[in-house]
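Listing of data_30.pdb; format and content: PDB, C-alpha atoms.
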```
ATOM      1  CA  MET A   1      11.702 -49.601  -8.944  1.00  0.00           C
ATOM      2  CA  LYS A   2       8.806 -49.707  -6.492  1.00  0.00           C
ATOM      3  CA  GLU A   3       8.452 -47.143  -3.717  1.00  0.00           C
ATOM      4  CA  PHE A   4       7.107 -47.977  -0.251  1.00  0.00           C
ATOM      5  CA  LYS A   5       6.071 -44.894   1.713  1.00  0.00           C
ATOM      6  CA  ASN A   6       5.520 -44.460   5.425  1.00  0.00           C
ATOM      7  CA  ILE A   7       6.194 -47.986   6.692  1.00  0.00           C
ATOM      8  CA  SER A   8       3.426 -48.746   9.151  1.00  0.00           C
ATOM      9  CA  GLY A   9       3.728 -49.774  12.800  1.00  0.00           C
ATOM     10  CA  PRO A  10       0.368 -51.619  12.804  1.00  0.00           C
ATOM     11  CA  ASP A  11       1.534 -53.584   9.747  1.00  0.00           C
ATOM     12  CA  MET A  12       4.627 -54.618  11.742  1.00  0.00           C
ATOM     13  CA  ALA A  13       2.380 -56.034  14.470  1.00  0.00           C
ATOM     14  CA  GLU A  14       0.460 -58.018  11.861  1.00  0.00           C
ATOM     15  CA  TRP A  15       3.672 -59.468  10.410  1.00  0.00           C
ATOM     16  CA  CYS A  16       4.718 -60.450  13.947  1.00  0.00           C
ATOM     17  CA  GLU A  17       1.429 -62.278  14.449  1.00  0.00           C
ATOM     18  CA  TYR A  18       1.997 -64.371  11.301  1.00  0.00           C
ATOM     19  CA  LEU A  19       5.648 -64.972  12.214  1.00  0.00           C
ATOM     20  CA  ALA A  20       4.895 -65.786  15.883  1.00  0.00           C
ATOM     21  CA  ASP A  21       7.630 -63.254  16.637  1.00  0.00           C
ATOM     22  CA  ASP A  22       7.459 -61.581  20.047  1.00  0.00           C
ATOM     23  CA  ASN A  23      10.520 -59.377  19.526  1.00  0.00           C
ATOM     24  CA  ALA A  24       9.409 -56.176  21.251  1.00  0.00           C
ATOM     25  CA  ILE A  25      11.391 -53.877  18.942  1.00  0.00           C
ATOM     26  CA  HIS A  26       8.708 -54.558  16.307  1.00  0.00           C
ATOM     27  CA  LEU A  27       5.833 -53.858  18.678  1.00  0.00           C
ATOM     28  CA  SER A  28       6.865 -51.114  21.078  1.00  0.00           C
ATOM     29  CA  ARG A  29       8.541 -47.763  20.483  1.00  0.00           C
ATOM     30  CA  ASP A  30       9.903 -47.864  24.029  1.00  0.00           C
ATOM     31  CA  ALA A  31      11.480 -51.270  23.406  1.00  0.00           C
ATOM     32  CA  ALA A  32      12.982 -50.081  20.123  1.00  0.00           C
ATOM     33  CA  GLU A  33      14.474 -47.056  21.835  1.00  0.00           C
ATOM     34  CA  ALA A  34      15.787 -49.106  24.766  1.00  0.00           C
ATOM     35  CA  ALA A  35      17.510 -51.442  22.307  1.00  0.00           C
ATOM     36  CA  GLY A  36      19.244 -48.520  20.604  1.00  0.00           C
ATOM     37  CA  PHE A  37      17.138 -48.271  17.439  1.00  0.00           C
ATOM     38  CA  GLY A  38      15.734 -44.813  18.180  1.00  0.00           C
ATOM     39  CA  PRO A  39      12.146 -43.796  18.877  1.00  0.00           C
ATOM     40  CA  ASN A  40      10.405 -45.775  16.114  1.00  0.00           C
ATOM     41  CA  ARG A  41       9.484 -49.441  15.811  1.00  0.00           C
ATOM     42  CA  VAL A  42      11.683 -51.712  13.689  1.00  0.00           C
ATOM     43  CA  ASN A  43      10.180 -53.572  10.724  1.00  0.00           C
ATOM     44  CA  PRO A  44      10.586 -57.383  10.833  1.00  0.00           C
ATOM     45  CA  GLY A  45      13.254 -58.580   8.395  1.00  0.00           C
ATOM     46  CA  PRO A  46      10.935 -60.942   6.475  1.00  0.00           C
ATOM     47  CA  ALA A  47       8.649 -57.978   5.683  1.00  0.00           C
ATOM     48  CA  ASN A  48      11.626 -56.193   4.145  1.00  0.00           C
ATOM     49  CA  LEU A  49      12.380 -59.233   2.002  1.00  0.00           C
ATOM     50  CA  ALA A  50       8.709 -59.445   1.010  1.00  0.00           C
ATOM     51  CA  TYR A  51       8.902 -55.915  -0.421  1.00  0.00           C
ATOM     52  CA  VAL A  52      11.716 -57.088  -2.702  1.00  0.00           C
ATOM     53  CA  LEU A  53       9.754 -60.217  -3.677  1.00  0.00           C
ATOM     54  CA  SER A  54       6.773 -58.020  -4.557  1.00  0.00           C
ATOM     55  CA  CYS A  55       8.770 -57.004  -7.633  1.00  0.00           C
ATOM     56  CA  LEU A  56       8.484 -60.585  -8.975  1.00  0.00           C
ATOM     57  CA  PRO A  57       6.036 -61.006 -11.862  1.00  0.00           C
ATOM     58  CA  VAL A  58       3.264 -63.210 -10.497  1.00  0.00           C
ATOM     59  CA  ASP A  59       3.828 -65.841 -13.189  1.00  0.00           C
ATOM     60  CA  ALA A  60       7.475 -66.185 -12.089  1.00  0.00           C
ATOM     61  CA  GLU A  61       6.636 -67.075  -8.485  1.00  0.00           C
ATOM     62  CA  ALA A  62       6.198 -70.787  -9.261  1.00  0.00           C
ATOM     63  CA  THR A  63       9.642 -70.948 -10.896  1.00  0.00           C
ATOM     64  CA  VAL A  64      11.646 -69.682  -7.905  1.00  0.00           C
ATOM     65  CA  THR A  65      14.047 -72.338  -6.627  1.00  0.00           C
ATOM     66  CA  GLU A  66      16.130 -70.279  -4.166  1.00  0.00           C
ATOM     67  CA  ILE A  67      16.164 -66.892  -2.479  1.00  0.00           C
ATOM     68  CA  ASP A  68      19.402 -65.894  -0.757  1.00  0.00           C
ATOM     69  CA  ALA A  69      18.970 -62.651   1.176  1.00  0.00           C
ATOM     70  CA  ARG A  70      21.258 -60.624   3.381  1.00  0.00           C
ATOM     71  CA  PHE A  71      19.861 -58.114   5.830  1.00  0.00           C
ATOM     72  CA  LEU A  72      22.191 -55.148   5.874  1.00  0.00           C
ATOM     73  CA  GLY A  73      20.259 -52.517   7.803  1.00  0.00           C
ATOM     74  CA  ASN A  74      17.073 -51.691   9.626  1.00  0.00           C
ATOM     75  CA  VAL A  75      13.781 -50.327   8.357  1.00  0.00           C
ATOM     76  CA  LEU A  76      11.922 -48.130  10.810  1.00  0.00           C
ATOM     77  CA  GLU A  77       8.356 -46.981  11.178  1.00  0.00           C
ATOM     78  CA  GLY A  78       7.715 -44.039   8.835  1.00  0.00           C
ATOM     79  CA  ASP A  79      10.554 -44.875   6.442  1.00  0.00           C
ATOM     80  CA  THR A  80      10.341 -44.582   2.663  1.00  0.00           C
ATOM     81  CA  LEU A  81      11.930 -47.449   0.733  1.00  0.00           C
ATOM     82  CA  ASP A  82      12.763 -48.362  -2.848  1.00  0.00           C
ATOM     83  CA  ALA A  83      12.555 -52.008  -3.938  1.00  0.00           C
ATOM     84  CA  SER A  84      13.938 -53.328  -7.186  1.00  0.00           C
ATOM     85  CA  LEU A  85      14.547 -56.675  -8.882  1.00  0.00           C
ATOM     86  CA  GLU A  86      16.364 -57.246 -12.136  1.00  0.00           C
ATOM     87  CA  ASP A  87      17.885 -60.455 -13.523  1.00  0.00           C
ATOM     88  CA  GLY A  88      17.449 -62.157 -10.150  1.00  0.00           C
ATOM     89  CA  ALA A  89      19.255 -59.423  -8.221  1.00  0.00           C
ATOM     90  CA  GLY A  90      16.946 -57.747  -5.744  1.00  0.00           C
ATOM     91  CA  ARG A  91      17.505 -54.952  -3.295  1.00  0.00           C
ATOM     92  CA  LEU A  92      15.686 -52.724  -0.881  1.00  0.00           C
ATOM     93  CA  ASP A  93      17.128 -49.271  -0.272  1.00  0.00           C
ATOM     94  CA  ARG A  94      16.533 -46.797   2.521  1.00  0.00           C
ATOM     95  CA  ASP A  95      17.831 -43.305   1.798  1.00  0.00           C
ATOM     96  CA  GLY A  96      19.929 -44.729  -1.013  1.00  0.00           C
ATOM     97  CA  SER A  97      21.641 -47.365   1.149  1.00  0.00           C
ATOM     98  CA  PRO A  98      20.823 -51.067   0.847  1.00  0.00           C
ATOM     99  CA  VAL A  99      18.967 -52.693   3.734  1.00  0.00           C
ATOM    100  CA  VAL A 100      18.294 -55.983   1.905  1.00  0.00           C
ATOM    101  CA  SER A 101      20.317 -57.579  -0.857  1.00  0.00           C
ATOM    102  CA  ALA A 102      18.822 -60.705  -2.406  1.00  0.00           C
ATOM    103  CA  HIS A 103      19.718 -63.131  -5.156  1.00  0.00           C
ATOM    104  CA  ILE A 104      16.854 -65.127  -6.628  1.00  0.00           C
ATOM    105  CA  THR A 105      17.366 -68.287  -8.661  1.00  0.00           C
ATOM    106  CA  PHE A 106      14.753 -69.601 -11.070  1.00  0.00           C
ATOM    107  CA  LYS A 107      14.157 -72.945 -12.771  1.00  0.00           C
ATOM    108  CA  PRO A 108      15.957 -73.014 -16.113  1.00  0.00           C
TER     109      PRO A 108
ATOM    110  CA  MET H 109      24.017 -83.305  14.337  1.00  0.00           C
ATOM    111  CA  SER H 110      21.784 -80.467  15.487  1.00  0.00           C
ATOM    112  CA  VAL H 111      22.161 -78.346  18.625  1.00  0.00           C
ATOM    113  CA  LEU H 112      18.434 -78.415  19.297  1.00  0.00           C
ATOM    114  CA  GLN H 113      15.584 -80.323  17.705  1.00  0.00           C
ATOM    115  CA  ILE H 114      12.412 -78.227  17.799  1.00  0.00           C
ATOM    116  CA  PRO H 115       9.102 -80.086  18.152  1.00  0.00           C
ATOM    117  CA  PRO H 116       7.227 -80.352  14.847  1.00  0.00           C
ATOM    118  CA  GLY H 117       4.409 -77.954  14.169  1.00  0.00           C
ATOM    119  CA  GLN H 118       1.887 -77.096  11.491  1.00  0.00           C
ATOM    120  CA  PHE H 119       1.239 -74.096   9.295  1.00  0.00           C
ATOM    121  CA  ALA H 120      -2.120 -73.580   7.616  1.00  0.00           C
ATOM    122  CA  LEU H 121      -1.634 -71.515   4.477  1.00  0.00           C
ATOM    123  CA  SER H 122      -5.059 -70.241   3.531  1.00  0.00           C
ATOM    124  CA  ALA H 123      -5.879 -68.255   0.412  1.00  0.00           C
ATOM    125  CA  ARG H 124      -7.088 -65.474   2.684  1.00  0.00           C
ATOM    126  CA  LEU H 125      -3.738 -65.314   4.495  1.00  0.00           C
ATOM    127  CA  ASP H 126      -1.888 -65.290   1.176  1.00  0.00           C
ATOM    128  CA  ASP H 127      -4.112 -62.431  -0.002  1.00  0.00           C
ATOM    129  CA  ARG H 128      -3.403 -60.466   3.153  1.00  0.00           C
ATOM    130  CA  VAL H 129       0.371 -60.950   3.078  1.00  0.00           C
ATOM    131  CA  ARG H 130       0.436 -60.008  -0.610  1.00  0.00           C
ATOM    132  CA  SER H 131      -1.454 -56.862   0.308  1.00  0.00           C
ATOM    133  CA  LEU H 132       0.961 -56.023   3.151  1.00  0.00           C
ATOM    134  CA  SER H 133       3.829 -56.533   0.683  1.00  0.00           C
ATOM    135  CA  ARG H 134       2.143 -54.734  -2.224  1.00  0.00           C
ATOM    136  CA  ALA H 135       2.687 -57.859  -4.323  1.00  0.00           C
ATOM    137  CA  ALA H 136       0.558 -58.787  -7.326  1.00  0.00           C
ATOM    138  CA  PRO H 137      -2.682 -60.669  -6.614  1.00  0.00           C
ATOM    139  CA  ARG H 138      -2.338 -64.454  -6.743  1.00  0.00           C
ATOM    140  CA  ALA H 139      -2.907 -65.837 -10.229  1.00  0.00           C
ATOM    141  CA  SER H 140      -3.211 -69.562  -9.359  1.00  0.00           C
ATOM    142  CA  ASP H 141      -2.899 -71.689  -6.225  1.00  0.00           C
ATOM    143  CA  VAL H 142       0.795 -70.741  -5.896  1.00  0.00           C
ATOM    144  CA  ALA H 143       1.438 -68.820  -2.683  1.00  0.00           C
ATOM    145  CA  PHE H 144       3.691 -65.783  -2.345  1.00  0.00           C
ATOM    146  CA  PRO H 145       7.257 -67.135  -1.856  1.00  0.00           C
ATOM    147  CA  ILE H 146       7.801 -65.262   1.441  1.00  0.00           C
ATOM    148  CA  PHE H 147       5.666 -68.010   2.999  1.00  0.00           C
ATOM    149  CA  ALA H 148       8.742 -70.234   3.068  1.00  0.00           C
ATOM    150  CA  PHE H 149       9.899 -67.854   5.822  1.00  0.00           C
ATOM    151  CA  VAL H 150       6.529 -67.014   7.378  1.00  0.00           C
ATOM    152  CA  GLY H 151       5.545 -70.680   7.545  1.00  0.00           C
ATOM    153  CA  ALA H 152       8.910 -71.621   9.018  1.00  0.00           C
ATOM    154  CA  LEU H 153       8.750 -69.261  11.985  1.00  0.00           C
ATOM    155  CA  GLY H 154       4.989 -69.167  12.251  1.00  0.00           C
ATOM    156  CA  GLY H 155       4.517 -72.924  12.083  1.00  0.00           C
ATOM    157  CA  MET H 156       7.386 -74.513  13.972  1.00  0.00           C
ATOM    158  CA  GLY H 157       6.475 -76.187  17.234  1.00  0.00           C
ATOM    159  CA  TRP H 158       8.010 -73.473  19.394  1.00  0.00           C
ATOM    160  CA  LYS H 159       7.976 -69.718  18.928  1.00  0.00           C
ATOM    161  CA  ILE H 160      11.383 -68.240  18.259  1.00  0.00           C
ATOM    162  CA  ILE H 161      11.354 -66.681  21.749  1.00  0.00           C
ATOM    163  CA  ASP H 162      11.020 -70.195  23.217  1.00  0.00           C
ATOM    164  CA  VAL H 163      13.822 -71.536  21.021  1.00  0.00           C
ATOM    165  CA  ALA H 164      16.028 -68.739  22.350  1.00  0.00           C
ATOM    166  CA  GLY H 165      15.033 -69.531  25.911  1.00  0.00           C
ATOM    167  CA  ALA H 166      15.830 -73.231  25.480  1.00  0.00           C
ATOM    168  CA  LEU H 167      19.341 -72.247  24.418  1.00  0.00           C
ATOM    169  CA  GLY H 168      19.843 -69.745  27.241  1.00  0.00           C
ATOM    170  CA  LEU H 169      19.722 -66.736  24.908  1.00  0.00           C
ATOM    171  CA  ASP H 170      18.212 -63.455  26.025  1.00  0.00           C
ATOM    172  CA  PHE H 171      15.458 -62.620  23.546  1.00  0.00           C
ATOM    173  CA  SER H 172      14.853 -59.237  25.183  1.00  0.00           C
ATOM    174  CA  LYS H 173      18.155 -58.024  23.745  1.00  0.00           C
ATOM    175  CA  ALA H 174      16.557 -57.745  20.296  1.00  0.00           C
ATOM    176  CA  PRO H 175      18.065 -60.424  18.031  1.00  0.00           C
ATOM    177  CA  VAL H 176      18.602 -59.411  14.412  1.00  0.00           C
ATOM    178  CA  LEU H 177      18.217 -61.366  11.196  1.00  0.00           C
ATOM    179  CA  ALA H 178      21.472 -61.486   9.274  1.00  0.00           C
ATOM    180  CA  ARG H 179      20.711 -63.780   6.333  1.00  0.00           C
ATOM    181  CA  CYS H 180      18.150 -66.231   5.057  1.00  0.00           C
ATOM    182  CA  ARG H 181      18.249 -68.815   2.312  1.00  0.00           C
ATOM    183  CA  LEU H 182      14.862 -70.045   1.143  1.00  0.00           C
ATOM    184  CA  SER H 183      14.834 -73.055  -1.156  1.00  0.00           C
ATOM    185  CA  PHE H 184      11.910 -74.609  -2.970  1.00  0.00           C
ATOM    186  CA  GLU H 185      11.599 -78.194  -4.155  1.00  0.00           C
ATOM    187  CA  ARG H 186       8.123 -77.239  -5.319  1.00  0.00           C
ATOM    188  CA  PRO H 187       6.060 -74.081  -4.859  1.00  0.00           C
ATOM    189  CA  LEU H 188       4.031 -73.590  -1.705  1.00  0.00           C
ATOM    190  CA  LEU H 189       0.317 -73.772  -2.465  1.00  0.00           C
ATOM    191  CA  VAL H 190      -2.622 -72.140  -0.731  1.00  0.00           C
ATOM    192  CA  GLU H 191      -5.316 -74.105   1.061  1.00  0.00           C
ATOM    193  CA  ARG H 192      -2.753 -76.591   2.355  1.00  0.00           C
ATOM    194  CA  THR H 193      -1.556 -77.375   5.860  1.00  0.00           C
ATOM    195  CA  TYR H 194       2.177 -77.968   6.069  1.00  0.00           C
ATOM    196  CA  THR H 195       4.128 -79.904   8.648  1.00  0.00           C
ATOM    197  CA  VAL H 196       7.020 -77.777   9.883  1.00  0.00           C
ATOM    198  CA  THR H 197      10.153 -79.574  11.017  1.00  0.00           C
ATOM    199  CA  ALA H 198      12.803 -77.329  12.537  1.00  0.00           C
ATOM    200  CA  ARG H 199      16.166 -77.576  14.228  1.00  0.00           C
ATOM    201  CA  VAL H 200      18.980 -75.342  15.374  1.00  0.00           C
ATOM    202  CA  ASP H 201      21.992 -76.465  13.362  1.00  0.00           C
ATOM    203  CA  SER H 202      24.619 -74.445  15.193  1.00  0.00           C
ATOM    204  CA  LEU H 203      25.115 -71.824  17.863  1.00  0.00           C
ATOM    205  CA  GLU H 204      28.430 -70.041  18.141  1.00  0.00           C
ATOM    206  CA  ARG H 205      29.592 -67.090  20.228  1.00  0.00           C
ATOM    207  CA  LYS H 206      31.779 -64.644  18.309  1.00  0.00           C
ATOM    208  CA  PRO H 207      33.349 -61.264  19.044  1.00  0.00           C
ATOM    209  CA  SER H 208      31.218 -58.392  17.779  1.00  0.00           C
ATOM    210  CA  ARG H 209      32.161 -54.785  17.049  1.00  0.00           C
ATOM    211  CA  THR H 210      28.599 -53.751  17.802  1.00  0.00           C
ATOM    212  CA  TYR H 211      27.783 -55.829  20.845  1.00  0.00           C
ATOM    213  CA  GLY H 212      31.150 -56.900  22.295  1.00  0.00           C
ATOM    214  CA  SER H 213      30.110 -60.499  21.710  1.00  0.00           C
ATOM    215  CA  ALA H 214      27.190 -62.112  19.931  1.00  0.00           C
ATOM    216  CA  ASP H 215      25.654 -65.554  19.590  1.00  0.00           C
ATOM    217  CA  HIS H 216      25.147 -66.670  15.990  1.00  0.00           C
ATOM    218  CA  MET H 217      22.277 -69.108  15.549  1.00  0.00           C
ATOM    219  CA  HIS H 218      21.706 -71.096  12.359  1.00  0.00           C
ATOM    220  CA  LEU H 219      18.195 -72.547  12.215  1.00  0.00           C
ATOM    221  CA  THR H 220      16.584 -74.679   9.507  1.00  0.00           C
ATOM    222  CA  ALA H 221      12.834 -75.166   9.105  1.00  0.00           C
ATOM    223  CA  GLU H 222      11.268 -77.318   6.388  1.00  0.00           C
ATOM    224  CA  LEU H 223       7.667 -77.240   5.163  1.00  0.00           C
ATOM    225  CA  CYS H 224       6.216 -80.505   3.885  1.00  0.00           C
ATOM    226  CA  ALA H 225       2.761 -81.554   2.733  1.00  0.00           C
ATOM    227  CA  GLU H 226       3.078 -85.213   1.688  1.00  0.00           C
ATOM    228  CA  ALA H 227       6.258 -84.132  -0.115  1.00  0.00           C
ATOM    229  CA  PRO H 228       8.885 -81.475   0.731  1.00  0.00           C
ATOM    230  CA  HIS H 229       8.011 -77.997  -0.504  1.00  0.00           C
ATOM    231  CA  SER H 230      10.419 -75.487   1.013  1.00  0.00           C
ATOM    232  CA  ALA H 231      13.235 -74.989   3.475  1.00  0.00           C
ATOM    233  CA  ALA H 232      14.286 -71.835   5.281  1.00  0.00           C
ATOM    234  CA  ARG H 233      17.828 -71.519   6.597  1.00  0.00           C
ATOM    235  CA  LEU H 234      18.083 -68.558   8.926  1.00  0.00           C
ATOM    236  CA  HIS H 235      21.110 -66.862  10.471  1.00  0.00           C
ATOM    237  CA  ILE H 236      20.020 -64.889  13.519  1.00  0.00           C
ATOM    238  CA  ILE H 237      22.380 -62.874  15.727  1.00  0.00           C
ATOM    239  CA  PHE H 238      21.681 -62.492  19.434  1.00  0.00           C
ATOM    240  CA  PRO H 239      23.558 -59.679  21.188  1.00  0.00           C
ATOM    241  CA  GLY H 240      25.754 -61.163  23.900  1.00  0.00           C
ATOM    242  CA  SER H 241      25.559 -60.615  27.624  1.00  0.00           C
TER     243      SER H 241
END
```

Can I see the file as structure tokens?
Amino acid sequence: MKEFKNISGPDMAEWCEYLADDNAIHLSRDAAEAAGFGPNRVNPGPANLAYVLSCLPVDAEATVTEIDARFLGNVLEGDTLDASLEDGAGRLDRDGSPVVSAHITFKP
Amino acid sequence: MSVLQIPPGQFALSARLDDRVRSLSRAAPRASDVAFPIFAFVGALGGMGWKIIDVAGALGLDFSKAPVLARCRLSFERPLLVERTYTVTARVDSLERKPSRTYGSADHMHLTAELCAEAPHSAARLHIIFPGS
């Protein structure tokens, strides 16, 4: 289990730059609130999946053949998260509830 | 047959960018020239010929209504490597309006983006939900 504390708004903006994603809920607290997410920015989904993938041993990265991920909830600025990966089953939890569920397949 | 063919683009995957994304993700430092696997997604959106906001606009979808990512499937024919520039070929496979408990109605987009450098490396299949009007 790996803990991620205090998810950062500036990090969200950096992810958006790499993803060429202009979705304002990641960049503006006002936009997040107007869209019904509350007063904090919303983390981009790929960043949430990346936290799960960070649990991969580095020597296993080259053997990944498929990642199938479902995005079940939102991660907000300031959140604390728990990421885990065991036997190809990954998850990211926020307050004990899953926000990402992923199945990773490796070369035999 | 696709709903929309997106112009091809390019994604330059530098070692420096890999280092930075690993740091943002708290992943282990790179041990070879194999890039962090999330780049199948980052390269797909970041490298396709149009930004996702422009893809939405071309399909008449309102990007300001905060689309959400529902699912992604990333597949690898071979690992993505750093210090390579990939050609990104992308298309919208389907777009379907469905009833939604949350939004009343929602448009479900399925988009595929493939990264190739001489040979295919990865494909990202994304399911994105746009709140309806």

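Distance check against chain A using all atoms listed in the file: of H:Ala198, H:Leu153, H:Leu125, H:Ile237, the minimum falls on H:Leu153.
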
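Closest to Cys180 (chain H) among H:Ala120, H:Leu234, H:Ile160, H:Val129 is H:Leu234, based on all atoms listed in the file.
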
Residues returned when the PyMOL selection byres ((chain A and resi 33-42) around 10) runs on this file, as a PDB file with C-alpha atoms, in the frame of the given file:
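The resulting file, out-v3.pdb, is reproduced below:
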```
ATOM      1  CA  ILE A   7       6.194 -47.986   6.692  1.00  0.00           C
ATOM      2  CA  SER A   8       3.426 -48.746   9.151  1.00  0.00           C
ATOM      3  CA  GLY A   9       3.728 -49.774  12.800  1.00  0.00           C
ATOM      4  CA  PRO A  10       0.368 -51.619  12.804  1.00  0.00           C
ATOM      5  CA  MET A  12       4.627 -54.618  11.742  1.00  0.00           C
ATOM      6  CA  ALA A  13       2.380 -56.034  14.470  1.00  0.00           C
ATOM      7  CA  ASN A  23      10.520 -59.377  19.526  1.00  0.00           C
ATOM      8  CA  ALA A  24       9.409 -56.176  21.251  1.00  0.00           C
ATOM      9  CA  ILE A  25      11.391 -53.877  18.942  1.00  0.00           C
ATOM     10  CA  HIS A  26       8.708 -54.558  16.307  1.00  0.00           C
ATOM     11  CA  LEU A  27       5.833 -53.858  18.678  1.00  0.00           C
ATOM     12  CA  SER A  28       6.865 -51.114  21.078  1.00  0.00           C
ATOM     13  CA  ARG A  29       8.541 -47.763  20.483  1.00  0.00           C
ATOM     14  CA  ASP A  30       9.903 -47.864  24.029  1.00  0.00           C
ATOM     15  CA  ALA A  31      11.480 -51.270  23.406  1.00  0.00           C
ATOM     16  CA  ALA A  32      12.982 -50.081  20.123  1.00  0.00           C
ATOM     17  CA  ASN A  43      10.180 -53.572  10.724  1.00  0.00           C
ATOM     18  CA  PRO A  44      10.586 -57.383  10.833  1.00  0.00           C
ATOM     19  CA  GLY A  45      13.254 -58.580   8.395  1.00  0.00           C
ATOM     20  CA  ASN A  74      17.073 -51.691   9.626  1.00  0.00           C
ATOM     21  CA  VAL A  75      13.781 -50.327   8.357  1.00  0.00           C
ATOM     22  CA  LEU A  76      11.922 -48.130  10.810  1.00  0.00           C
ATOM     23  CA  GLU A  77       8.356 -46.981  11.178  1.00  0.00           C
ATOM     24  CA  GLY A  78       7.715 -44.039   8.835  1.00  0.00           C
ATOM     25  CA  ASP A  79      10.554 -44.875   6.442  1.00  0.00           C
TER      26      ASP A  79
ATOM     27  CA  SER H 172      14.853 -59.237  25.183  1.00  0.00           C
ATOM     28  CA  LYS H 173      18.155 -58.024  23.745  1.00  0.00           C
ATOM     29  CA  ALA H 174      16.557 -57.745  20.296  1.00  0.00           C
ATOM     30  CA  PRO H 175      18.065 -60.424  18.031  1.00  0.00           C
TER      31      PRO H 175
END
```

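Distances to Ser208 (chain H) were evaluated for H:Pro239, H:Phe171, H:Arg134, H:Ser122 using all atoms listed in the file, and the minimum falls at H:Pro239.
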
* Enumerate, as a PyMOL selection string, the residues matched when the PyMOL selection byres ((chain A) within 8 of (chain H)) is run on the file above. => chain A and resi 11+18-25+35+45-47+49-51+53-59+61-72

Could you write out as an mmCIF file with C-alpha atoms, in the frame of the given file the residues that the PyMOL selection byres ((chain H and resi 195) around 6) matches in the shown file?
```cif
data_model
loop_
_atom_site.group_PDB
_atom_site.id
_atom_site.type_symbol
_atom_site.label_atom_id
_atom_site.label_comp_id
_atom_site.auth_asym_id
_atom_site.auth_seq_id
_atom_site.Cartn_x
_atom_site.Cartn_y
_atom_site.Cartn_z
ATOM 1 C CA GLY H 117 4.409 -77.954 14.169
ATOM 2 C CA GLN H 118 1.887 -77.096 11.491
ATOM 3 C CA TYR H 194 2.177 -77.968 6.069
ATOM 4 C CA VAL H 196 7.020 -77.777 9.883
ATOM 5 C CA LEU H 223 7.667 -77.240 5.163
ATOM 6 C CA CYS H 224 6.216 -80.505 3.885
#
```

* Mind giving me the straight-line distance from CA of Gln113 (chain H) to CA of Asp215 (chain H) in Å, one decimal? =>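 Going from CA of Gln113 (chain H) over to CA of Asp215 (chain H), I get 18.0 Å.
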
* **Coordinates-based distance that separates CA of Leu112 (chain H) from CA of Val200 (chain H) (Å, one decimal)** =>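 That distance, rounded to one decimal, is 5.0 Å.
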
* Asked: For Arg209 (chain H), which of H:His229, H:Ala221, H:Gly240, H:Val111 is the closest residue, counting only C-alpha atoms?
  ->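 Going through H:His229, H:Ala221, H:Gly240, H:Val111 one by one, the smallest distance to Arg209 (chain H) is for H:Gly240.
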
If you count all atoms listed in the file, which residues fall within 9 Å of Leu203 (chain H), apart from same-chain ones fewer than 2 positions away, as a short mmCIF file (atom, residue, chain, number, x, y, z; two decimals) with C-alpha atoms, in the coordinates of the input?
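Result file follows (result-v2.cif):
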```cif
data_model
loop_
_atom_site.label_atom_id
_atom_site.label_comp_id
_atom_site.auth_asym_id
_atom_site.auth_seq_id
_atom_site.Cartn_x
_atom_site.Cartn_y
_atom_site.Cartn_z
CA VAL H 111 22.16 -78.35 18.62
CA LEU H 167 19.34 -72.25 24.42
CA VAL H 200 18.98 -75.34 15.37
CA ASP H 201 21.99 -76.46 13.36
CA ARG H 205 29.59 -67.09 20.23
CA ASP H 215 25.65 -65.55 19.59
CA HIS H 216 25.15 -66.67 15.99
CA MET H 217 22.28 -69.11 15.55
CA HIS H 218 21.71 -71.10 12.36
CA LEU H 219 18.20 -72.55 12.22
#
```

* To do: Mind giving me the straight-line distance from CA of His103 (chain A) to CA of Arg91 (chain A) in Å, one decimal?
  =>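 Between these atoms lies a distance of 8.7 Å.
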
To box region 89-105 of chain A, take all atoms listed in the file, fit an axis-aligned box, add 8 Å on each side, and give centre and edge lengths in Å to one decimal, as lines of an AutoDock Vina configuration file.
```
center_x = 18.7
center_y = -55.8
center_z = -2.5
size_x = 22.0
size_y = 41.0
size_z = 28.4
```

* Which polymer residues have any atom within 7 Å of an atom of Leu121 (chain H), counting only C-alpha atoms, with same-chain residues fewer than 6 positions away left out, as a ChimeraX atom specification? -> /H:190-193
